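This is data_39.cif (mmCIF, C-alpha atoms).
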data_input
loop_
_atom_site.label_atom_id
_atom_site.label_comp_id
_atom_site.auth_asym_id
_atom_site.auth_seq_id
_atom_site.Cartn_x
_atom_site.Cartn_y
_atom_site.Cartn_z
CA MET A 1 -14.17 -9.02 14.04
CA SER A 2 -15.19 -8.87 17.68
CA GLU A 3 -14.25 -5.94 19.88
CA LYS A 4 -12.31 -8.24 22.24
CA PHE A 5 -10.20 -9.54 19.35
CA VAL A 6 -9.39 -6.00 18.20
CA GLU A 7 -8.52 -4.97 21.76
CA SER A 8 -6.15 -7.92 22.26
CA ASN A 9 -4.47 -7.08 18.94
CA GLN A 10 -3.98 -3.48 20.05
CA ARG A 11 -2.37 -4.64 23.29
CA LEU A 12 -0.15 -7.05 21.36
CA ALA A 13 0.94 -4.30 18.95
CA ALA A 14 1.63 -1.86 21.79
CA ASN A 15 3.79 -4.36 23.71
CA LEU A 16 5.70 -5.39 20.61
CA ALA A 17 6.32 -1.76 19.69
CA LEU A 18 7.63 -1.01 23.20
CA GLY A 19 9.94 -4.02 23.03
CA LEU A 20 11.14 -2.87 19.61
CA ILE A 21 11.89 0.64 20.91
CA LEU A 22 14.01 -0.90 23.66
CA TRP A 23 15.79 -3.22 21.24
CA VAL A 24 16.51 -0.60 18.55
CA PHE A 25 17.97 1.96 20.97
CA SER A 26 20.07 -0.54 22.84
CA VAL A 27 21.39 -2.68 19.97
CA PHE A 28 22.05 0.03 17.40
CA LEU A 29 23.39 2.85 19.56
CA PHE A 30 24.00 2.33 23.26
CA HIS A 31 25.41 -1.18 23.22
CA PRO A 32 28.24 -0.40 20.75
CA LEU A 33 29.06 2.67 22.87
CA MET A 34 29.16 0.53 25.99
CA VAL A 35 31.49 -1.98 24.30
CA THR A 36 33.80 0.86 23.22
CA TYR A 37 33.95 2.91 26.42
CA ALA A 38 33.08 0.47 29.24
CA PRO A 39 33.58 -3.12 27.99
CA ASP A 40 33.54 -4.60 31.52
CA TRP A 41 29.98 -3.36 32.02
CA ALA A 42 28.61 -4.50 28.65
CA GLY A 43 27.66 -7.97 29.91
CA PHE A 44 25.77 -6.62 32.92
CA ILE A 45 23.84 -4.16 30.74
CA SER A 46 23.08 -7.00 28.30
CA VAL A 47 21.51 -9.02 31.13
CA LEU A 48 19.29 -6.07 32.05
CA LEU A 49 18.28 -5.62 28.41
CA VAL A 50 17.52 -9.33 27.97
CA VAL A 51 15.27 -9.22 31.03
CA SER A 52 13.44 -6.07 29.88
CA LEU A 53 13.01 -7.37 26.32
CA SER A 54 11.69 -10.68 27.68
CA TYR A 55 9.21 -8.76 29.86
CA TYR A 56 7.68 -7.03 26.84
CA LEU A 57 7.70 -10.17 24.68
CA VAL A 58 6.03 -12.24 27.41
CA LYS A 59 3.48 -9.46 27.96
CA ALA A 60 2.82 -9.43 24.19
CA LYS A 61 2.41 -13.21 24.17
CA MET A 62 -0.02 -13.08 27.14
CA SER A 63 -2.16 -10.43 25.46
CA SER A 64 -2.05 -11.92 21.97
CA GLY A 65 -5.37 -13.85 22.07
CA PRO A 66 -6.38 -15.88 18.99
CA ILE A 67 -4.27 -13.82 16.54
CA PHE A 68 -1.98 -16.78 15.73
CA GLU A 69 -4.88 -18.97 14.57
CA TYR A 70 -6.36 -16.05 12.64
CA VAL A 71 -3.13 -15.29 10.76
CA SER A 72 -2.49 -18.99 10.19
CA ASN A 73 -5.97 -19.50 8.67
CA LYS A 74 -5.60 -16.44 6.45
CA LEU A 75 -2.19 -17.60 5.21
CA THR A 76 -3.56 -21.11 4.57
CA VAL A 77 -6.35 -19.70 2.40
CA LEU A 78 -3.84 -17.55 0.49
CA TRP A 79 -1.45 -20.51 0.06
CA MET A 80 -4.25 -22.78 -1.22
CA ASP A 81 -5.48 -20.13 -3.64
CA TRP A 82 -1.96 -19.56 -4.91
CA ARG A 83 -1.21 -23.28 -5.38
CA LYS A 84 -4.82 -23.96 -6.62
CA LEU A 85 -5.27 -26.82 -4.12
CA ASN A 86 -8.50 -28.70 -3.32
CA ALA A 87 -10.53 -28.00 -0.20
CA GLU A 88 -9.88 -31.60 1.06
CA GLU A 89 -6.19 -30.77 1.48
CA ARG A 90 -6.97 -27.87 3.76
CA GLN A 91 -6.24 -29.76 6.99
CA THR A 92 -2.70 -30.83 6.03
CA ASN A 93 -1.90 -27.45 4.51
CA SER A 94 -3.16 -25.65 7.58
CA LYS A 95 -0.71 -27.68 9.72
CA LYS A 96 2.15 -26.94 7.34
CA VAL A 97 1.44 -23.20 7.39
CA GLU A 98 1.14 -23.24 11.19
CA LYS A 99 4.54 -24.95 11.50
CA ALA A 100 6.15 -22.51 9.05
CA LEU A 101 4.71 -19.58 10.98
CA LYS A 102 5.96 -20.95 14.31
CA THR A 103 9.42 -21.52 12.79
CA GLY A 104 9.54 -17.96 11.45
CA ILE A 105 8.50 -16.43 14.78
CA LEU A 106 11.02 -18.52 16.70
CA LEU A 107 13.89 -17.57 14.38
CA LEU A 108 12.89 -13.91 14.57
CA VAL A 109 12.87 -14.00 18.38
CA TYR A 110 16.27 -15.73 18.35
CA LEU A 111 17.68 -13.04 16.05
CA LEU A 112 16.35 -10.37 18.41
CA TYR A 113 18.14 -11.94 21.37
CA ARG A 114 21.34 -12.92 19.57
CA PRO A 115 23.28 -9.60 19.76
CA LEU A 116 22.44 -9.23 23.45
CA LEU A 117 23.30 -12.83 24.33
CA SER A 118 26.60 -12.80 22.44
CA LEU A 119 27.75 -9.86 24.56
CA ILE A 120 26.98 -11.70 27.81
CA ASN A 121 28.97 -14.69 26.52
CA PRO A 122 29.47 -15.78 22.88
CA ALA A 123 28.90 -19.40 23.93
CA LEU A 124 25.45 -18.47 25.28
CA ALA A 125 24.31 -17.34 21.82
CA GLY A 126 25.56 -20.62 20.35
CA LEU A 127 23.88 -22.68 23.06
CA THR A 128 20.59 -20.84 22.51
CA PHE A 129 20.89 -21.49 18.78
CA VAL A 130 21.29 -25.22 19.41
CA LEU A 131 18.21 -25.19 21.67
CA VAL A 132 16.25 -23.27 19.02
CA LEU A 133 17.30 -25.83 16.39
CA VAL A 134 16.20 -28.72 18.62
CA TYR A 135 12.82 -27.03 19.21
CA LEU A 136 12.44 -26.37 15.47
CA LEU A 137 13.11 -30.05 14.74
CA LYS A 138 10.47 -30.96 17.34
CA ILE A 139 7.96 -28.65 15.64
CA MET A 140 8.75 -30.05 12.19
CA LEU A 141 8.66 -33.70 13.21
CA GLU A 142 5.61 -33.70 15.48
CA GLN A 143 2.70 -35.66 13.99
CA LYS A 144 -0.42 -33.90 15.25
CA MET B 1 0.03 19.64 29.91
CA SER B 2 -1.85 18.88 26.71
CA THR B 3 -1.05 15.81 24.67
CA ARG B 4 0.40 17.88 21.86
CA SER B 5 2.87 19.80 24.04
CA ARG B 6 3.82 16.56 25.86
CA VAL B 7 4.64 14.94 22.50
CA ILE B 8 6.75 17.97 21.49
CA VAL B 9 8.69 17.98 24.79
CA LEU B 10 9.30 14.22 24.74
CA SER B 11 10.40 14.17 21.10
CA THR B 12 12.82 17.05 21.80
CA VAL B 13 14.30 15.18 24.79
CA LEU B 14 14.65 12.00 22.71
CA ALA B 15 16.22 13.83 19.76
CA VAL B 16 18.75 15.69 21.95
CA ASP B 17 19.67 12.49 23.80
CA LEU B 18 20.14 10.45 20.62
CA LEU B 19 21.99 13.23 18.77
CA PHE B 20 24.38 13.71 21.71
CA PHE B 21 25.30 10.03 21.82
CA ILE B 22 25.45 9.63 18.03
CA ILE B 23 27.52 12.76 17.39
CA VAL B 24 29.75 12.87 20.48
CA GLY B 25 29.90 9.13 21.20
CA GLN B 26 30.34 7.73 17.72
CA TYR B 27 31.66 10.47 15.42
CA TYR B 28 33.77 12.54 17.84
CA PRO B 29 35.04 10.06 20.47
CA GLU B 30 37.82 12.49 21.51
CA TYR B 31 35.20 14.86 22.96
CA PHE B 32 33.52 12.01 24.82
CA THR B 33 36.88 10.94 26.25
CA ALA B 34 37.58 14.58 27.20
CA ILE B 35 34.26 14.71 29.12
CA LEU B 36 35.21 11.46 30.93
CA ASP B 37 38.69 12.83 31.76
CA TRP B 38 37.15 15.98 33.13
CA LEU B 39 34.96 14.01 35.60
CA PRO B 40 36.64 13.04 38.92
CA TYR B 41 36.20 9.21 39.20
CA GLY B 42 37.44 6.21 37.23
CA ASN B 43 36.75 6.49 33.50
CA GLU B 44 35.02 3.20 32.92
CA VAL B 45 32.46 3.56 35.71
CA GLU B 46 31.61 7.09 34.57
CA ALA B 47 31.27 5.95 30.95
CA ALA B 48 28.96 3.09 32.02
CA VAL B 49 26.81 5.43 34.14
CA ILE B 50 26.60 8.09 31.41
CA ILE B 51 25.73 5.60 28.66
CA LEU B 52 23.24 3.73 30.87
CA SER B 53 21.50 6.99 31.84
CA GLY B 54 21.38 7.95 28.15
CA LEU B 55 19.82 4.60 27.34
CA LEU B 56 17.27 4.98 30.15
CA VAL B 57 16.33 8.50 29.02
CA ALA B 58 15.93 7.24 25.43
CA ILE B 59 13.81 4.26 26.45
CA ILE B 60 11.59 6.16 28.90
CA SER B 61 11.04 9.12 26.57
CA GLY B 62 10.50 6.73 23.64
CA ILE B 63 7.89 4.73 25.56
CA LEU B 64 6.10 7.87 26.84
CA LEU B 65 6.21 9.38 23.35
CA PHE B 66 4.73 6.21 21.88
CA ARG B 67 1.94 6.21 24.48
CA GLY B 68 1.29 9.92 23.85
CA LEU B 69 1.08 9.33 20.09
CA ILE B 70 -1.29 6.40 20.59
CA GLY B 71 -3.44 8.58 22.89
CA ARG B 72 -3.48 11.37 20.30
CA LEU B 73 -4.40 8.87 17.59
CA ARG B 74 -7.30 7.58 19.70
CA GLU B 75 -8.48 11.16 20.31
CA VAL B 76 -8.42 11.81 16.55
CA LEU B 77 -10.20 8.54 15.73
CA ASP B 78 -12.89 9.08 18.38
#

In structure tokens, how does this file's structure come out?
Amino acid sequence: MSEKFVESNQRLAANLALGLILWVFSVFLFHPLMVTYAPDWAGFISVLLVVSLSYYLVKAKMSSGPIFEYVSNKLTVLWMDWRKLNAEERQTNSKKVEKALKTGILLLVYLLYRPLLSLINPALAGLTFVLVLVYLLKIMLEQK
Amino acid sequence: MSTRSRVIVLSTVLAVDLLFFIIVGQYYPEYFTAILDWLPYGNEVEAAVIILSGLLVAIISGILLFRGLIGRLREVLD
């Protein structure tokens, strides 16, 4: 593995960890307290948290480098070994694994945002879910 | 300040902050309400400011602690 690849992975891990710290503290402890003691302010704080979480996730995405392709290739090899598939089927299986990985990441990101969005407005969480579903359908149905 | 003492100070700050809000905020809400009653302004604004400052302290100390631990790990690995 090249040094640049390792460095971009370190930056990705650091940004994701910082975003996770923010998310864990806010969602598990401070947000329920805010809803109990100052419900009128909970929405405003949620907006701030959504913005800060997005900042770290975007920073992680910018610094990620070719990690997605690397993980996707590794998973494809594992999948083909497990199912004992031929090497000719590699191309189609690689696409399937890539789509599954994208779907998983998208759902995970949605689940991260969901508790914060539902406190801004419950309808916003539902609307985001519809948009996520539409995007997932696009990923699943695209040909290339 | 050396990395080790910085990590100790930051983890103490984080632990005190989290323990205060877990114990007083969640398990003994009557004490938290008593603190809010004791302060001079409207209860809800005070509660929002106190909880927000607690969240900021937790996030900032958590981030600095994480960076300190990463720095220490790099020192050890090098």

Enumerate, as an mmCIF file with C-alpha atoms, in the coordinates of the input, the residues matched when the PyMOL selection byres ((chain A) within 10 of (chain B)) is run on the file above.
data_model
loop_
_atom_site.group_PDB
_atom_site.id
_atom_site.type_symbol
_atom_site.label_atom_id
_atom_site.label_comp_id
_atom_site.auth_asym_id
_atom_site.auth_seq_id
_atom_site.Cartn_x
_atom_site.Cartn_y
_atom_site.Cartn_z
ATOM 1 C CA ALA A 14 1.630 -1.860 21.790
ATOM 2 C CA ALA A 17 6.320 -1.760 19.690
ATOM 3 C CA LEU A 18 7.630 -1.010 23.200
ATOM 4 C CA GLY A 19 9.940 -4.020 23.030
ATOM 5 C CA ILE A 21 11.890 0.640 20.910
ATOM 6 C CA LEU A 22 14.010 -0.900 23.660
ATOM 7 C CA TRP A 23 15.790 -3.220 21.240
ATOM 8 C CA VAL A 24 16.510 -0.600 18.550
ATOM 9 C CA PHE A 25 17.970 1.960 20.970
ATOM 10 C CA SER A 26 20.070 -0.540 22.840
ATOM 11 C CA LEU A 29 23.390 2.850 19.560
ATOM 12 C CA PHE A 30 24.000 2.330 23.260
ATOM 13 C CA HIS A 31 25.410 -1.180 23.220
ATOM 14 C CA PRO A 32 28.240 -0.400 20.750
ATOM 15 C CA LEU A 33 29.060 2.670 22.870
ATOM 16 C CA MET A 34 29.160 0.530 25.990
ATOM 17 C CA VAL A 35 31.490 -1.980 24.300
ATOM 18 C CA THR A 36 33.800 0.860 23.220
ATOM 19 C CA TYR A 37 33.950 2.910 26.420
ATOM 20 C CA ALA A 38 33.080 0.470 29.240
ATOM 21 C CA PRO A 39 33.580 -3.120 27.990
ATOM 22 C CA ASP A 40 33.540 -4.600 31.520
ATOM 23 C CA TRP A 41 29.980 -3.360 32.020
ATOM 24 C CA ALA A 42 28.610 -4.500 28.650
ATOM 25 C CA ILE A 45 23.840 -4.160 30.740
#

Might you pull out every residue within 9 Å of range 122-127 of chain A, with only C-alpha atoms counted and same-chain residues fewer than 6 positions away left off, and present them as a PyMOL selection string? chain A and resi 110+113-116

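Going from CA of Leu101 in chain A to CA of Leu75 in chain A covers 9.2 Å.
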
Closest of A:Ala60, A:Leu85, A:Ala100, A:Val51 to Met140 in chain A - atom-to-atom distances counting all atoms listed in the file: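 Comparing A:Ala60, A:Leu85, A:Ala100, A:Val51 against Met140 in chain A, the winner is A:Ala100.
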
Using all atoms listed in the file, can you tell me which of B:Ala34, B:Asp78, B:Arg72, B:Ser61 comes closest to Ser11 in chain B?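 Among B:Ala34, B:Asp78, B:Arg72, B:Ser61, it is B:Ser61 that comes nearest to Ser11 in chain B.
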
For CA of Ile105 in chain A and CA of Phe68 in chain A, the interatomic separation in Å (one decimal):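 These atoms are spaced 10.5 Å apart.
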
Kindly resolve the PyMOL selection byres ((chain A and resi 15) around 10) on the present coordinates and return the residues as a list in words.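 That expression, the PyMOL selection byres ((chain A and resi 15) around 10), corresponds here to Asn9, Gln10, Arg11, Leu12, Ala13, Ala14, Leu16, Ala17, Leu18, Gly19, Leu20, Ile21, Tyr55, Tyr56, Leu57, Val58, Lys59, Ala60, Lys61, Ser63 and Ser64 of chain A.
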
Work out how far CA of Leu106 in chain A is from CA of Val134 in chain A, in Å to one decimal.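 The value is 11.6 Å.
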
Leaving out Ile139 in chain A and any residue of its chain fewer than 4 positions from it, which residues lie within 9 Å of it when counting only C-alpha atoms, given as an NGL selection string? :A and (99 or 102-103 or 134-135 or 143)
